[in-house]
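The structure file protein-v5.txt is reproduced below (compact mmCIF, C-alpha atoms).
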# COMPACT_ATOMS: atom_id res chain seq x y z
CA THR K 1 17.15 -8.65 -14.24
CA LEU K 2 13.64 -8.54 -15.72
CA ASN K 3 13.32 -12.32 -15.49
CA ALA K 4 14.35 -12.24 -11.82
CA HIS K 5 11.81 -9.47 -11.26
CA ARG K 6 9.11 -11.55 -12.95
CA LYS K 7 9.81 -14.54 -10.70
CA LEU K 8 9.91 -12.35 -7.61
CA LYS K 9 6.42 -11.05 -8.42
CA ARG K 10 5.10 -14.50 -9.27
CA ASP K 11 6.36 -16.30 -6.18
CA HIS K 12 6.58 -13.68 -3.42
CA MET K 13 4.53 -10.55 -4.12
CA LEU K 14 2.13 -9.51 -1.35
CA VAL K 15 -1.01 -7.48 -1.89
CA ASP K 16 0.49 -4.28 -0.44
CA GLY K 17 3.11 -4.15 -3.20
CA VAL K 18 6.22 -5.60 -1.50
CA PRO K 19 7.68 -9.12 -1.81
CA SER K 20 7.49 -11.52 1.13
CA THR K 21 10.92 -10.90 2.63
CA THR K 22 11.43 -11.28 6.40
CA GLU K 23 15.22 -11.60 5.98
CA HIS K 24 14.56 -14.47 3.55
CA LEU K 25 12.17 -14.86 0.63
CA ARG K 26 9.19 -16.64 2.17
CA GLY K 27 6.50 -17.14 -0.47
CA ILE K 28 2.90 -15.97 -0.43
CA TYR K 29 0.74 -16.83 2.60
CA SER K 30 -1.69 -14.87 4.74
CA THR K 31 0.68 -13.98 7.58
CA ALA K 32 3.69 -13.24 5.35
CA GLY K 33 5.45 -9.91 5.72
CA HIS K 34 8.45 -7.86 4.72
CA GLU K 35 11.22 -5.75 6.19
CA THR K 36 10.95 -1.98 6.18
CA CYS K 37 14.35 -2.02 4.46
CA VAL K 38 12.78 -3.97 1.61
CA ILE K 39 9.98 -1.41 1.30
CA THR K 40 12.64 1.24 0.70
CA ASP K 41 15.09 -0.78 -1.37
CA TYR K 42 12.54 -2.47 -3.62
CA LEU K 43 11.06 0.95 -4.33
CA TRP K 44 14.55 2.24 -5.15
CA ALA K 45 15.19 -0.72 -7.47
CA LEU K 46 11.86 -0.24 -9.26
CA GLY K 47 12.77 3.39 -9.88
CA HIS K 48 15.90 2.32 -11.74
CA LEU K 49 14.00 -0.36 -13.66
CA LEU K 50 11.47 2.29 -14.67
CA MET K 51 14.28 4.52 -15.98
CA ALA K 52 15.87 1.62 -17.86
CA THR K 53 12.72 0.19 -19.41
CA GLY K 54 10.03 2.87 -19.57
CA ASP K 55 7.64 0.10 -18.52
CA ALA K 56 4.55 1.61 -16.86
CA SER K 57 4.09 -1.48 -14.69
CA MET K 58 7.18 -0.46 -12.71
CA ALA K 59 5.49 2.85 -11.88
CA ASP K 60 2.27 1.02 -10.95
CA GLU K 61 4.28 -1.06 -8.48
CA MET K 62 6.03 2.00 -7.04
CA GLU K 63 2.81 3.81 -6.26
CA LYS K 64 1.28 0.70 -4.71
CA ILE K 65 4.18 0.55 -2.26
CA CYS K 66 4.00 4.25 -1.40
CA PHE K 67 0.22 4.28 -0.94
CA ASN K 68 0.07 1.06 1.10
CA ALA K 69 3.08 -0.76 2.54
CA LEU K 70 5.16 2.32 3.39
CA PRO K 71 2.64 4.29 5.49
CA GLY K 72 1.42 1.02 7.01
CA ALA K 73 4.88 0.28 8.44
CA VAL K 74 5.29 3.56 10.36
CA THR K 75 3.25 5.62 12.80
CA PRO K 76 1.71 8.78 11.27
CA ASP K 77 4.21 11.01 13.12
CA PHE K 78 7.09 8.96 11.63
CA LYS K 79 8.60 8.42 15.10
CA ALA K 80 8.11 4.65 15.23
CA LEU K 81 8.35 1.90 12.65
CA GLN K 82 8.22 -1.85 12.29
CA TYR K 83 11.13 -4.10 11.45
CA PHE K 84 8.62 -6.51 9.86
CA SER K 85 5.19 -5.49 8.62
CA GLY K 86 2.58 -7.14 6.44
CA PRO K 87 -1.03 -7.28 5.25
CA ASN K 88 -2.34 -9.25 8.25
CA GLN K 89 -1.25 -8.17 11.74
CA VAL K 90 -3.70 -7.68 14.60
CA VAL K 91 -1.35 -7.37 17.56
CA ALA K 92 2.00 -5.56 17.78
CA GLY K 93 3.96 -5.78 21.01
CA PRO K 94 7.25 -6.92 22.55
CA GLN K 95 6.63 -10.66 21.92
CA THR K 96 4.32 -10.75 18.92
CA ASN K 97 6.60 -11.42 15.95
CA HIS K 98 5.08 -14.43 14.18
CA HIS K 99 7.66 -14.44 11.37
CA PRO K 100 10.31 -17.20 11.46
CA HIS K 101 13.24 -14.79 11.84
CA GLY K 102 13.27 -13.66 15.49
CA ILE K 103 10.00 -15.39 16.28
CA GLY K 104 8.49 -14.18 19.55
CA CYS K 105 10.47 -10.91 19.56
CA ALA K 106 9.39 -7.28 19.09
CA HIS K 107 10.05 -7.17 15.35
CA ILE K 108 6.49 -6.21 14.34
CA SER K 109 5.93 -3.67 17.12
CA TYR K 110 6.05 0.06 16.36
CA ARG K 111 9.21 1.45 17.94
CA PRO K 112 12.01 3.88 17.10
CA ASN K 113 14.20 0.79 16.72
CA PRO K 114 12.26 -2.49 16.93
CA ALA K 115 15.31 -4.75 16.49
CA THR K 116 17.92 -3.63 14.00
CA GLU K 117 19.51 -0.33 13.00
CA CYS K 118 19.11 -0.73 9.24
CA CYS K 119 15.35 -0.09 9.15
CA PRO K 120 15.38 3.20 11.13
CA GLY K 121 18.35 4.30 9.03
CA ASN K 122 16.65 3.39 5.76
CA VAL K 123 12.95 4.25 6.09
CA HIS K 124 13.47 7.96 5.37
CA ARG K 125 14.82 7.15 1.89
CA ALA K 126 11.54 5.68 0.60
CA MET K 127 9.51 8.78 -0.26
CA PRO K 128 12.51 10.58 -1.84
CA ALA K 129 12.92 7.52 -4.10
CA PHE K 130 9.30 8.04 -5.18
CA ALA K 131 9.48 11.83 -5.49
CA GLY K 132 12.73 11.62 -7.45
CA ARG K 133 10.99 9.59 -10.17
CA MET K 134 7.78 11.63 -10.42
CA TRP K 135 9.03 13.59 -13.44
CA MET K 136 11.38 12.27 -16.12
CA GLN K 137 12.61 13.23 -19.55
CA ASP K 138 12.62 11.17 -22.72
CA GLY K 139 16.01 12.32 -23.99
CA LYS K 140 14.33 14.20 -26.86
CA GLY K 141 13.14 17.30 -25.04
CA GLY K 142 9.91 15.76 -23.82
CA ALA K 143 8.51 15.61 -20.29
CA ILE K 144 7.08 12.51 -18.63
CA ALA K 145 4.69 12.57 -15.67
CA ALA K 146 5.90 9.19 -14.46
CA LEU K 147 4.32 9.09 -10.99
CA TYR K 148 1.38 11.20 -9.87
CA GLY K 149 1.20 13.73 -7.06
CA PRO K 150 1.01 17.50 -6.47
CA SER K 151 4.19 18.93 -7.99
CA GLN K 152 5.67 21.03 -10.75
CA CYS K 153 8.22 20.42 -13.47
CA ILE K 154 10.30 22.87 -15.52
CA VAL K 155 11.02 21.94 -19.13
CA GLY K 156 13.44 23.83 -21.39
CA LYS K 157 15.17 27.19 -20.92
CA GLY K 158 14.83 30.81 -21.96
CA LYS K 159 11.89 31.55 -24.24
CA HIS K 160 11.27 27.79 -24.51
CA ARG K 161 10.89 27.41 -20.74
CA VAL K 162 7.66 25.70 -19.68
CA VAL K 163 6.47 25.17 -16.12
CA ILE K 164 4.03 22.27 -15.74
CA HIS K 165 1.91 22.46 -12.59
CA GLU K 166 0.37 19.17 -11.48
CA GLU K 167 -2.67 19.51 -9.22
CA THR K 168 -4.34 16.43 -7.77
CA ASP K 169 -5.48 14.53 -4.68
CA TYR K 170 -4.51 11.26 -6.39
CA PRO K 171 -4.88 8.42 -5.49
CA PHE K 172 -7.98 9.51 -3.57
CA ASP K 173 -9.32 11.56 -6.46
CA ASP K 174 -9.71 10.46 -10.08
CA ARG K 175 -8.61 13.77 -11.63
CA ILE K 176 -5.06 14.88 -12.38
CA THR K 177 -4.77 18.39 -13.82
CA PHE K 178 -1.66 19.58 -15.65
CA ARG K 179 -1.52 23.34 -16.14
CA PHE K 180 1.08 24.72 -18.57
CA GLU K 181 2.80 28.05 -17.99
CA CYS K 182 5.01 29.52 -20.74
CA ARG K 183 5.87 32.88 -22.36
CA ASP K 184 5.56 31.71 -25.95
CA PRO K 185 3.92 28.60 -27.45
CA VAL K 186 6.29 25.61 -27.23
CA SER K 187 6.04 22.30 -29.06
CA PHE K 188 7.21 19.18 -27.23
CA PRO K 189 5.96 15.64 -26.44
CA PHE K 190 4.22 15.21 -23.09
CA GLN K 191 3.78 11.72 -21.63
CA PHE K 192 1.53 10.51 -18.83
CA ARG K 193 0.58 7.10 -17.44
CA ILE K 194 -2.62 5.08 -17.61
CA PRO K 195 -2.34 2.56 -14.72
CA ALA K 196 -3.13 -1.07 -15.49
CA TRP K 197 -6.06 -1.09 -13.04
CA CYS K 198 -7.85 1.75 -14.86
CA LYS K 199 -10.16 0.40 -17.57
CA LYS K 200 -12.03 3.57 -18.62
CA PRO K 201 -9.59 6.50 -18.63
CA ARG K 202 -10.46 9.86 -20.18
CA VAL K 203 -8.30 12.84 -21.16
CA PHE K 204 -9.39 16.43 -21.78
CA ILE K 205 -7.46 19.28 -23.41
CA ASN K 206 -8.81 22.68 -22.38
CA GLY K 207 -12.17 21.06 -21.64
CA ASN K 208 -12.39 19.08 -24.89
CA VAL K 209 -12.21 15.29 -24.98
CA TRP K 210 -8.95 13.96 -26.43
CA THR K 211 -9.97 11.19 -28.81
CA LYS K 212 -6.69 9.26 -28.98
CA LYS K 213 -6.97 5.62 -27.87
CA LEU K 214 -5.78 5.16 -24.30
CA LYS K 215 -4.20 1.85 -23.36
CA SER K 216 -4.24 0.70 -19.75
CA GLY K 217 -0.83 -0.14 -18.32
CA SER K 218 1.13 2.19 -20.59
CA TYR K 219 2.48 5.68 -21.05
CA VAL K 220 0.60 7.84 -23.53
CA THR K 221 2.35 10.53 -25.58
CA MET K 222 0.66 13.81 -26.45
CA HIS K 223 2.41 15.70 -29.28
CA ARG K 224 1.24 19.29 -29.07
CA THR K 225 2.23 22.93 -29.18
CA PHE K 226 1.46 24.09 -25.66
CA SER K 227 0.42 27.66 -24.94
CA ASP K 228 0.28 29.55 -21.68
CA GLY K 229 -2.77 28.50 -19.67
CA ASP K 230 -3.34 25.18 -21.44
CA GLN K 231 -4.79 22.45 -19.25
CA VAL K 232 -4.61 18.70 -19.69
CA VAL K 233 -6.91 16.75 -17.37
CA VAL K 234 -6.40 13.00 -16.96
CA GLU K 235 -9.31 11.13 -15.40
CA LEU K 236 -8.59 7.68 -13.96
CA PRO K 237 -11.85 6.24 -12.57
CA LYS K 238 -11.41 3.62 -9.86
CA THR K 239 -13.58 0.64 -9.06
CA VAL K 240 -13.63 -1.71 -6.08
CA ARG K 241 -12.28 -5.13 -7.00
CA LEU K 242 -11.57 -8.44 -5.29
CA THR K 243 -8.12 -10.02 -5.45
CA LYS K 244 -7.71 -13.74 -4.84
CA GLY K 245 -5.24 -14.49 -2.10
CA PRO K 246 -3.58 -17.38 -0.29
CA GLU K 247 -5.49 -19.94 1.78
CA GLN K 248 -8.69 -19.30 -0.18
CA GLY K 249 -8.72 -15.72 1.08
CA VAL K 250 -9.47 -12.47 -0.67
CA ALA K 251 -8.26 -8.85 -0.58
CA VAL K 252 -10.16 -5.71 -1.54
CA GLU K 253 -8.56 -3.03 -3.73
CA TRP K 254 -9.70 0.36 -5.03
CA GLY K 255 -7.43 1.59 -7.80
CA PRO K 256 -3.89 1.51 -6.35
CA VAL K 257 -5.23 1.60 -2.77
CA VAL K 258 -5.53 -1.62 -0.75
CA LEU K 259 -8.31 -1.64 1.84
CA SER K 260 -8.01 -3.22 5.29
CA LEU K 261 -10.28 -3.82 8.25
CA ASN K 262 -10.53 -0.75 10.49
CA ILE K 263 -9.58 -2.28 13.86
CA GLN K 264 -10.08 -0.15 16.96
CA THR K 265 -6.74 -0.18 18.76
CA ARG K 266 -5.68 -0.02 22.39
CA LYS K 267 -2.20 1.51 22.72
CA ARG K 268 0.27 1.78 25.57
CA ILE K 269 3.87 2.94 25.83
CA GLU K 270 6.52 0.36 26.69
CA ALA K 271 9.88 1.18 28.24
CA ASP K 272 12.92 -0.11 26.42
CA ASP K 273 16.51 1.01 25.95
CA ARG K 274 15.91 2.17 22.35
CA SER K 275 13.05 4.59 23.00
CA SER K 276 12.36 7.85 24.84
CA ALA K 277 9.48 10.06 25.89
CA GLU K 278 9.75 11.90 22.56
CA PHE K 279 10.17 8.69 20.53
CA PRO K 280 8.13 6.07 22.42
CA ALA K 281 7.86 2.33 21.91
CA TRP K 282 4.29 1.17 21.47
CA THR K 283 2.31 -1.95 22.22
CA MET K 284 -0.92 -2.13 20.21
CA GLU K 285 -3.76 -4.57 20.81
CA PRO K 286 -7.18 -4.91 19.15
CA GLU K 287 -10.22 -3.46 20.92
CA SER K 288 -12.75 -4.39 18.24
CA ALA K 289 -13.45 -7.73 16.59
CA TRP K 290 -10.85 -8.61 13.95
CA ASN K 291 -11.76 -12.28 13.37
CA VAL K 292 -14.33 -11.71 10.64
CA GLY K 293 -14.92 -13.09 7.17
CA LEU K 294 -16.40 -11.21 4.24
CA VAL K 295 -19.79 -12.47 3.09
CA LEU K 296 -19.41 -13.13 -0.63
CA ALA K 297 -21.25 -15.05 -3.32
CA GLY K 298 -19.07 -15.64 -6.36
CA ASN K 299 -16.35 -13.20 -7.41
CA ARG K 300 -18.33 -9.99 -7.79
CA ILE K 301 -18.72 -7.04 -5.43
CA PRO K 302 -21.99 -7.36 -3.45
CA ARG K 303 -24.58 -4.68 -4.12
CA ASP K 304 -24.98 -3.92 -0.41
CA TRP K 305 -21.37 -2.74 -0.08
CA LYS K 306 -21.11 1.05 0.11
CA LEU K 307 -18.15 3.23 -0.86
CA ASP K 308 -17.67 6.65 0.76
CA VAL K 309 -14.96 8.91 -0.75
CA ARG K 310 -14.04 12.21 0.88
CA ARG K 311 -11.49 14.90 0.24
CA PRO K 312 -8.22 13.99 2.01
CA THR K 313 -7.28 15.85 5.18
CA GLU K 314 -3.80 16.50 6.52
CA ASP K 315 -3.97 13.50 8.87
CA LEU K 316 -4.21 11.25 5.83
CA TRP K 317 -2.66 8.13 7.39
CA SER K 318 -3.97 8.40 10.96
CA GLY K 319 -7.13 6.39 10.36
CA GLU K 320 -9.23 9.02 12.13
CA HIS K 321 -10.54 10.65 8.95
CA PRO K 322 -9.79 8.24 6.09
CA PRO K 323 -10.35 9.66 2.59
CA VAL K 324 -12.06 6.46 1.52
CA LYS K 325 -14.18 4.05 3.51
CA LEU K 326 -15.86 0.92 2.25
CA THR K 327 -18.70 -0.57 4.27
CA ALA K 328 -18.73 -4.31 3.62
CA ILE K 329 -20.79 -7.13 5.13
CA ALA K 330 -19.10 -9.70 7.36
CA ARG K 331 -19.68 -12.46 9.86
CA LYS K 332 -17.67 -13.30 12.93
CA ILE K 333 -15.53 -16.45 13.00
CA PRO K 334 -15.26 -17.39 16.70
CA GLY K 335 -12.75 -20.19 16.14
CA TRP K 336 -10.24 -17.87 14.45
CA LYS K 337 -8.17 -16.81 17.46
CA LEU K 338 -4.77 -15.41 18.37
CA VAL K 339 -2.10 -18.02 19.07
CA ARG K 340 -0.87 -17.68 22.65
CA LYS K 341 2.23 -19.33 24.10
CA LYS K 342 4.19 -19.06 27.32
CA ARG K 343 7.28 -20.87 26.08
CA LEU K 344 9.04 -21.42 22.76
CA VAL K 345 11.93 -23.82 22.16
CA LEU K 346 13.85 -22.72 19.08
CA LYS K 347 16.56 -24.42 17.05
CA TRP K 348 19.16 -22.01 15.69
CA GLY K 349 21.84 -23.94 13.83
CA ASP K 350 23.38 -26.26 16.39
CA LYS K 351 22.03 -24.19 19.31
CA THR K 352 18.76 -24.41 21.23
CA ARG K 353 17.13 -21.23 22.50
CA VAL K 354 14.22 -20.91 24.89
CA ARG K 355 11.92 -17.88 24.77
CA GLU K 356 9.41 -17.35 27.57
CA GLY K 357 6.74 -14.76 28.35
CA ASN K 358 3.43 -13.53 26.98
CA ILE K 359 3.96 -14.60 23.37
CA ILE K 360 1.06 -13.77 21.03
CA PHE K 361 0.89 -14.56 17.31
CA MET K 362 -1.32 -13.60 14.39
CA PRO K 363 -2.89 -16.85 13.09
CA PRO K 364 -3.19 -17.87 9.43
CA LEU K 365 -6.58 -17.71 7.76
CA PRO K 366 -9.03 -20.24 9.22
CA ASP K 367 -9.42 -23.62 7.59
CA ALA K 368 -12.70 -25.09 6.33
CA LYS K 369 -13.49 -26.67 9.70
CA ILE K 370 -13.27 -23.35 11.54
CA LEU K 371 -15.09 -21.50 8.75
CA ALA K 372 -17.97 -23.96 8.97
CA LYS K 373 -18.65 -22.66 12.50
CA ALA K 374 -18.80 -18.98 11.49
CA GLY K 375 -21.59 -16.92 13.03
CA LYS K 376 -24.91 -16.72 11.19
CA LYS K 377 -25.48 -13.03 11.86
CA SER K 378 -24.17 -10.60 9.24
CA PHE K 379 -23.09 -7.07 10.18
CA PRO K 380 -21.32 -4.11 8.54
CA VAL K 381 -17.56 -3.60 8.86
CA GLU K 382 -15.41 -0.67 7.73
CA LEU K 383 -12.50 -1.07 5.38
CA ILE K 384 -10.06 1.85 5.10
CA PRO K 385 -6.71 2.34 3.32
CA LEU K 386 -4.10 -0.13 4.53
CA GLY K 387 -1.67 2.77 4.98
CA ALA K 388 -4.04 4.33 7.54
CA THR K 389 -3.96 1.22 9.75
CA ARG K 390 -1.45 -0.05 12.28
CA LEU K 391 -3.34 -3.23 13.14
CA ARG K 392 -5.18 -4.78 10.21
CA VAL K 393 -6.67 -7.69 8.36
CA THR K 394 -6.18 -7.39 4.60
CA TRP K 395 -6.40 -10.99 3.46
CA PHE K 396 -9.93 -11.97 4.51
CA PRO K 397 -11.48 -15.42 4.82
CA ILE K 398 -14.64 -15.83 2.76
CA VAL K 399 -17.98 -16.72 4.29
CA ARG K 400 -20.23 -17.85 1.49
CA GLY K 401 -23.51 -16.00 1.14
CA GLU K 402 -26.47 -16.64 -1.12
CA ASP K 403 -25.97 -16.05 -4.84
Structure re-expressed in structure tokens:
Amino acid sequence: TLNAHRKLKRDHMLVDGVPSTTEHLRGIYSTAGHETCVITDYLWALGHLLMATGDASMADEMEKICFNALPGAVTPDFKALQYFSGPNQVVAGPQTNHHPHGIGCAHISYRPNPATECCPGNVHRAMPAFAGRMWMQDGKGGAIAALYGPSQCIVGKGKHRVVIHEETDYPFDDRITFRFECRDPVSFPFQFRIPAWCKKPRVFINGNVWTKKLKSGSYVTMHRTFSDGDQVVVELPKTVRLTKGPEQGVAVEWGPVVLSLNIQTRKRIEADDRSSAEFPAWTMEPESAWNVGLVLAGNRIPRDWKLDVRRPTEDLWSGEHPPVKLTAIARKIPGWKLVRKKRLVLKWGDKTRVREGNIIFMPPLPDAKILAKAGKKSFPVELIPLGATRLRVTWFPIVRGED
């Protein structure tokens, strides 16, 4: 199982945490995507692998899915979802599916049922799969904070009963506070996770620095007699980093959060037989420029990029008030355009199908010839959490700047 998991990550893993799986494993390329069912079921599988192995990387993967791919595949009110979603998608309508399965259909549009019943019947299971693995036990009376989020856990019974309150705005805040509530002092091992992306973690016990060595990508065990009112604070500082992608592209990550281009979106309701006034079917088209490349010199973050982090609001995934916003520098790439067709002739086994209409596809990243004709004027663009976008560019082409 672990070997299969390793190969799945190596050959198919997309930047938002889910393998490239539009009914078949597809490999890694800029317009690759995944089913909403896979978002849920891969998360469920990782939860069992985490229980079986205790490997912190499984938890790192789980939170990446929940903070990126999952909210990016649904509307914020959870009344519409995509059959297929992915890192790069700048148009979502009735004939915009660029994936090989059902090409030219409504599979990537946001609808109560964009094509198949399994995704609407499965999407609600994703967050419970995450929440159900947030706290675990080690089989020896110890408690494990396996996945982070506001919550509480009860350990032991009677006079040995301890309530652990977890207070945090993670992943949009670096601090995770564990507050211990108990009648009498209780001795037990307490474990928490240092994600692999965090290189300079710090831990405090009642305001004092804990001096034990902290290893990134692992669970750390604290053996201690806990008293009522004790506080353990875990600090996990995040940095902006570049991730190499397919087709000489690049993605931008901040801790477990993937950042995508904030595309202004024009929305309209479409009538179909699987929607209603309460649960509408949406067509979404870009109103702002999406065909941009990031201006980069080398593999480091440019000094003129600016990160703005705010306290999260209740409309976390709407995109209106994102808790983090990165202002990067870009240039327009005029030759990078949507693919438009009026007619598709498809081979399906021994049958031929013809699809006609206003068919619009997301293109792959531009090749060197198109990049060479990029605009000369640089301008700022906003990158926000992928989960707060419906239309997005996440794999960016690179426009080379001066070193």
Pick out the closest residue to Asn291 in chain K from this set: K:Asn113, K:Thr225, K:Asn208, K:Thr394. Count only C-alpha atoms.
->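 Using only C-alpha atoms, Asn291 in chain K sits closest to K:Thr394.
The coordinates place CA of Glu35 in chain K at 12.0 Å from CA of Glu117 in chain K.
Using all atoms listed in the file, the residues found no farther than 6 Å from Pro246 in chain K, other than those of its own chain fewer than 2 positions away, are Tyr29, Ser30, Gln248 and Gly249 of chain K.
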Prev. selection, C-alpha atoms, output as a JSON list (two decimals), in the coordinates of the input:
[["chain", "number", "residue", "atom", "x", "y", "z"],
["K", 29, "TYR", "CA", 0.74, -16.83, 2.60],
["K", 30, "SER", "CA", -1.69, -14.87, 4.74],
["K", 248, "GLN", "CA", -8.69, -19.30, -0.18],
["K", 249, "GLY", "CA", -8.72, -15.72, 1.08]]
Near-His321 in chain K list (12 Å; only C-alpha atoms; drop same-chain fewer than 2 positions) as a list in words | Asn262, Asp308, Val309, Arg310, Arg311, Pro312, Thr313, Glu314, Asp315, Leu316, Trp317, Ser318, Gly319, Pro323, Val324, Lys325, Ile384, Pro385, Ala388 and Thr389 of chain K
Output file for the selection above: C-alpha atoms, as a PDB file, in the frame of the given file:
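Saved to again_32.pdb:
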ATOM      1  CA  ASN K 262     -10.530  -0.750  10.490  1.00  0.00           C
ATOM      2  CA  ASP K 308     -17.670   6.650   0.760  1.00  0.00           C
ATOM      3  CA  VAL K 309     -14.960   8.910  -0.750  1.00  0.00           C
ATOM      4  CA  ARG K 310     -14.040  12.210   0.880  1.00  0.00           C
ATOM      5  CA  ARG K 311     -11.490  14.900   0.240  1.00  0.00           C
ATOM      6  CA  PRO K 312      -8.220  13.990   2.010  1.00  0.00           C
ATOM      7  CA  THR K 313      -7.280  15.850   5.180  1.00  0.00           C
ATOM      8  CA  GLU K 314      -3.800  16.500   6.520  1.00  0.00           C
ATOM      9  CA  ASP K 315      -3.970  13.500   8.870  1.00  0.00           C
ATOM     10  CA  LEU K 316      -4.210  11.250   5.830  1.00  0.00           C
ATOM     11  CA  TRP K 317      -2.660   8.130   7.390  1.00  0.00           C
ATOM     12  CA  SER K 318      -3.970   8.400  10.960  1.00  0.00           C
ATOM     13  CA  GLY K 319      -7.130   6.390  10.360  1.00  0.00           C
ATOM     14  CA  PRO K 323     -10.350   9.660   2.590  1.00  0.00           C
ATOM     15  CA  VAL K 324     -12.060   6.460   1.520  1.00  0.00           C
ATOM     16  CA  LYS K 325     -14.180   4.050   3.510  1.00  0.00           C
ATOM     17  CA  ILE K 384     -10.060   1.850   5.100  1.00  0.00           C
ATOM     18  CA  PRO K 385      -6.710   2.340   3.320  1.00  0.00           C
ATOM     19  CA  ALA K 388      -4.040   4.330   7.540  1.00  0.00           C
ATOM     20  CA  THR K 389      -3.960   1.220   9.750  1.00  0.00           C
TER      21      THR K 389
END
Considering all atoms listed in the file, return as a PyMOL selection string whatever protein or nucleic-acid residues lie within 12 Å of Thr265 in chain K, sequence-local ones (same chain, fewer than 5 positions apart) excluded.
-> chain K and resi 89-92+282-290+318-320+389-392
Take the residues from that selection and put them in a file with C-alpha atoms, as a compact mmCIF listing (two decimals), in the frame of the given file.
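After the write, out_14.txt holds the following:
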# COMPACT_ATOMS: atom_id res chain seq x y z
CA GLN K 89 -1.25 -8.17 11.74
CA VAL K 90 -3.70 -7.68 14.60
CA VAL K 91 -1.35 -7.37 17.56
CA ALA K 92 2.00 -5.56 17.78
CA TRP K 282 4.29 1.17 21.47
CA THR K 283 2.31 -1.95 22.22
CA MET K 284 -0.92 -2.13 20.21
CA GLU K 285 -3.76 -4.57 20.81
CA PRO K 286 -7.18 -4.91 19.15
CA GLU K 287 -10.22 -3.46 20.92
CA SER K 288 -12.75 -4.39 18.24
CA ALA K 289 -13.45 -7.73 16.59
CA TRP K 290 -10.85 -8.61 13.95
CA SER K 318 -3.97 8.40 10.96
CA GLY K 319 -7.13 6.39 10.36
CA GLU K 320 -9.23 9.02 12.13
CA THR K 389 -3.96 1.22 9.75
CA ARG K 390 -1.45 -0.05 12.28
CA LEU K 391 -3.34 -3.23 13.14
CA ARG K 392 -5.18 -4.78 10.21
Please provide the set of residues having any atom within 6 Å of Ile194 in chain K, restricted to only C-alpha atoms, with same-chain residues fewer than 5 positions apart removed, written as a ChimeraX atom specification.
-> /K:216-218
Export of the given selection (C-alpha atoms) as a PDB file, keeping the file's coordinate frame:
ATOM      1  CA  SER K 216      -4.240   0.700 -19.750  1.00  0.00           C
ATOM      2  CA  GLY K 217      -0.830  -0.140 -18.320  1.00  0.00           C
ATOM      3  CA  SER K 218       1.130   2.190 -20.590  1.00  0.00           C
TER       4      SER K 218
END
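Of note, CA of Lys238 in chain K and CA of Phe396 in chain K are spaced 21.3 Å apart.
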Compare K:Val162, K:Ala196, K:Ile108, K:Val186 by their minimum atom-to-atom distance to Ser85 in chain K, counting all atoms listed in the file, and give me the closest one.
-> K:Ile108
Contacts of Gln95 in chain K at 8 Å or less, counting only C-alpha atoms, minus same-chain residues fewer than 2 places along, as a list of chain:residue names?
->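 In the requested form, the answer reads K:Gly93, K:Asn97, K:Gly104, K:Cys105, K:Ala106, K:Gly357, K:Asn358, K:Ile359, K:Ile360.
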Which residue out of K:Asp16, K:Glu247, K:Asp60, K:Glu167 has the minimum interatomic distance to Leu147 in chain K when all atoms listed in the file are used?
->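 The closest residue to Leu147 in chain K is K:Asp60.
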Pairwise distance for CA of Val292 in chain K and CA of Thr96 in chain K, rounded to one decimal in Å =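 One can read the CA of Val292 in chain K to CA of Thr96 in chain K distance as 20.4 Å.
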K:Arg224, K:Lys267, K:Arg274, K:Lys213: which is nearest Lys200 in chain K, counting only C-alpha atoms?
->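 So, comparing all the options, the nearest one is K:Lys213.
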Within 9 Å of (-8.9, 0.6, -12.4), in the coordinates the file gives, what residues turn up when you count all atoms listed in the file, written out as an mmCIF file with C-alpha atoms, in the frame of the given file?
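The resulting out-v8.cif:
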data_model
loop_
_atom_site.group_PDB
_atom_site.id
_atom_site.type_symbol
_atom_site.label_atom_id
_atom_site.label_comp_id
_atom_site.auth_asym_id
_atom_site.auth_seq_id
_atom_site.Cartn_x
_atom_site.Cartn_y
_atom_site.Cartn_z
ATOM 1 C CA PRO K 195 -2.340 2.560 -14.720
ATOM 2 C CA ALA K 196 -3.130 -1.070 -15.490
ATOM 3 C CA TRP K 197 -6.060 -1.090 -13.040
ATOM 4 C CA CYS K 198 -7.850 1.750 -14.860
ATOM 5 C CA LYS K 199 -10.160 0.400 -17.570
ATOM 6 C CA LYS K 200 -12.030 3.570 -18.620
ATOM 7 C CA PRO K 201 -9.590 6.500 -18.630
ATOM 8 C CA SER K 216 -4.240 0.700 -19.750
ATOM 9 C CA LEU K 236 -8.590 7.680 -13.960
ATOM 10 C CA PRO K 237 -11.850 6.240 -12.570
ATOM 11 C CA LYS K 238 -11.410 3.620 -9.860
ATOM 12 C CA THR K 239 -13.580 0.640 -9.060
ATOM 13 C CA VAL K 240 -13.630 -1.710 -6.080
ATOM 14 C CA ARG K 241 -12.280 -5.130 -7.000
ATOM 15 C CA TRP K 254 -9.700 0.360 -5.030
ATOM 16 C CA GLY K 255 -7.430 1.590 -7.800
ATOM 17 C CA PRO K 256 -3.890 1.510 -6.350
#
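Here the question is which of K:Ala4, K:Ala297, K:Leu307, K:Met362 gets nearest to His99 in chain K using only C-alpha atoms, and that residue is K:Met362.
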Could you give me, as JSON lines, a per-residue list for range 229-306 of chain K showing, wherever an atom lies at most 9 Å from an atom of range 71-82 of chain K, the closest pair of atoms and their distance in Å to one decimal, using all atoms listed in the file and sorting by chain then residue number from low to high?
{"residue": "K:Glu278", "atom": "CA", "partner": "K:Lys79", "partner_atom": "CA", "distance": 8.3}
{"residue": "K:Phe279", "atom": "CA", "partner": "K:Lys79", "partner_atom": "CA", "distance": 5.7}
{"residue": "K:Pro280", "atom": "CA", "partner": "K:Ala80", "partner_atom": "CA", "distance": 7.3}
{"residue": "K:Ala281", "atom": "CA", "partner": "K:Ala80", "partner_atom": "CA", "distance": 7.1}
{"residue": "K:Trp282", "atom": "CA", "partner": "K:Ala80", "partner_atom": "CA", "distance": 8.1}
